[in-house]
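Asks: Have a look at this one.
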Amino acid sequence: MEASPQPKIRTAISGSYAELSETLRVAADYIAENQVEIATRSLRSVASASGVSPASYTRLARALGYSDYEALREQARYELSEREQDSFQDKARRLRSDADQPLLPRQVAACIDNIQGLVADIDPATLETVVDRLAASRKIVLIGALASAGFTDYFAYLAKWFDDRWLVAGRNGTTLGSTLAALGADDTVLIISKHPYAHRSVRAAKLASGCGAKVVVLTDSRAFPGLQYADFHFIQRTESPHFFSSYAATLVLIETITGMLVARAGSEADARIQEVDKYNRLLDEFENV
């Protein structure tokens with residue numbers, strides 16, 4: 001990521017705090033302690049949570065040396081991403097320094113912890129609501145970029161065995177824009193995005209929300225900038241001794257969601273799976289063993 005031209009938020013607050021009014025100090029204190037909220041939530045939400053008006057946050061941003069509140073918010077996103085990137089570099093260095101220690105048992109243990117964390121991190125009622133929404137949607141659009149792209153393909157592969165309403169946006173000759181332009185209130189967009197977050201996924205979340213579609217996000221942190229446009233979101237742990245994020249828990253969540261959908265679809269899913277299997281065999285997709 002390119003270096004930010006803006007001053008660090010805590011540095012800017014410290015340098016200007018004595019000159020701030022009491023109201024702006026309350027806002028500054030909230031920003032200093034809640035940078036994830038500043039980075040991911042709308043100004044209206046931040047104002048409501050802190051009890052300080054949106055106009056006061058705009059005045060504070062200018063008092064701290066930012067052109068407007070949006071510039072301050074971008075700085076918060078930059079600082080969160082910078083901290084995450086530093087951790088990736090640290091992990092890469094640790095992999096080299098720990099080269100004499102077997103990686104497999106450490107990787108397996110971390111993935112098990114991440115997967116077990118799903119039970120504590122995911123609200124069952126919210127999961128049921130999301131699955132109900134997917135089952136009732138006119139179509140479901142999957143969006144993923146960078147490392148997440150392959151996992152949207154896997155999600156679609158599983159789902160299309162029993163349901164033909166699913167598609168991966170921006171693939172097979174179709175542009176992401178053409179897919180988003182056709183969305184409406186009866187559709188659902190499901191975005192998978194892990195750090196480092198792709199601009200494409202953030203913009204897609206914003207545009208999909210603007211079209212009236214429901215937006216579901218699978219991500220690794222509340223720092224994902226597109227979270228402000230999500231109707232529902234699930235956070236999965238991604239810790240591992242590897243330098244990059246682990247998708248093990250995300251795979252389990254994907255398989256759980258598709259399993260719940262199959263259970264809801266009942267005999268219709270059985271018939272679809274049987275038909276897909278028949279045509280795969282007619283096309284000689286499977287090796288005979």
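Identifiers for the structure tokens are assigned positionally: chains receive A, B, ... in sequence, residues are indexed from 1 per chain, and ligands are indexed from 1 in the order shown.
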Would you pick out the contacts of A:Ile143 at 10 Å or less, using only C-alpha atoms, so that residues sharing its chain but fewer than 2 positions from it are not included, and give the list as a ChimeraX atom specification?
Replies: /A:140-141,145,148-149,151-153,167-171,176,189-193,200-201,204-205,217
Asks: Please provide as a PyMOL selection string all residues within 12 Å of A:Tyr157, with the sequence filter that same-chain residues fewer than 2 positions apart are discarded (counting only C-alpha atoms).
Replies: chain A and resi 142+150-155+159-168+254-255+258+273+276
Asks: I'd like to know which of A:Phe232, A:Asp123, A:Ala135, A:Leu180 is closest to A:Gly266, using only C-alpha atoms.
Replies: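 The answer is A:Ala135, which sits nearest to A:Gly266.
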Asks: Within 9 Å of A:Ser50, counting only C-alpha atoms, which residues show up once you throw out same-chain ones fewer than 4 positions away? Write them as a count of residues only, please.
Replies: 5
Asks: Using only C-alpha atoms, which protein or nucleic acid residues come within 8 Å of stretch 128-133 of chain A? Drop anything in the same chain fewer than 6 positions from it, and give the result as a PyMOL selection string.
Replies: chain A and resi 188+216+232+257+260-261
Asks: Write out, as a PDB file, in the first residue's frame, the residues just selected, with C-alpha atoms.
Replies:
```
ATOM      1  CA  THR A 188     -28.785 -11.223  -2.873  1.00  0.00           C
ATOM      2  CA  VAL A 216     -24.037 -10.620   2.739  1.00  0.00           C
ATOM      3  CA  PHE A 232     -25.559  -9.296   7.138  1.00  0.00           C
ATOM      4  CA  ILE A 257     -24.580 -22.693   4.210  1.00  0.00           C
ATOM      5  CA  MET A 260     -28.559 -25.863   5.073  1.00  0.00           C
ATOM      6  CA  LEU A 261     -29.899 -24.801   1.676  1.00  0.00           C
TER       7      LEU A 261
END
```
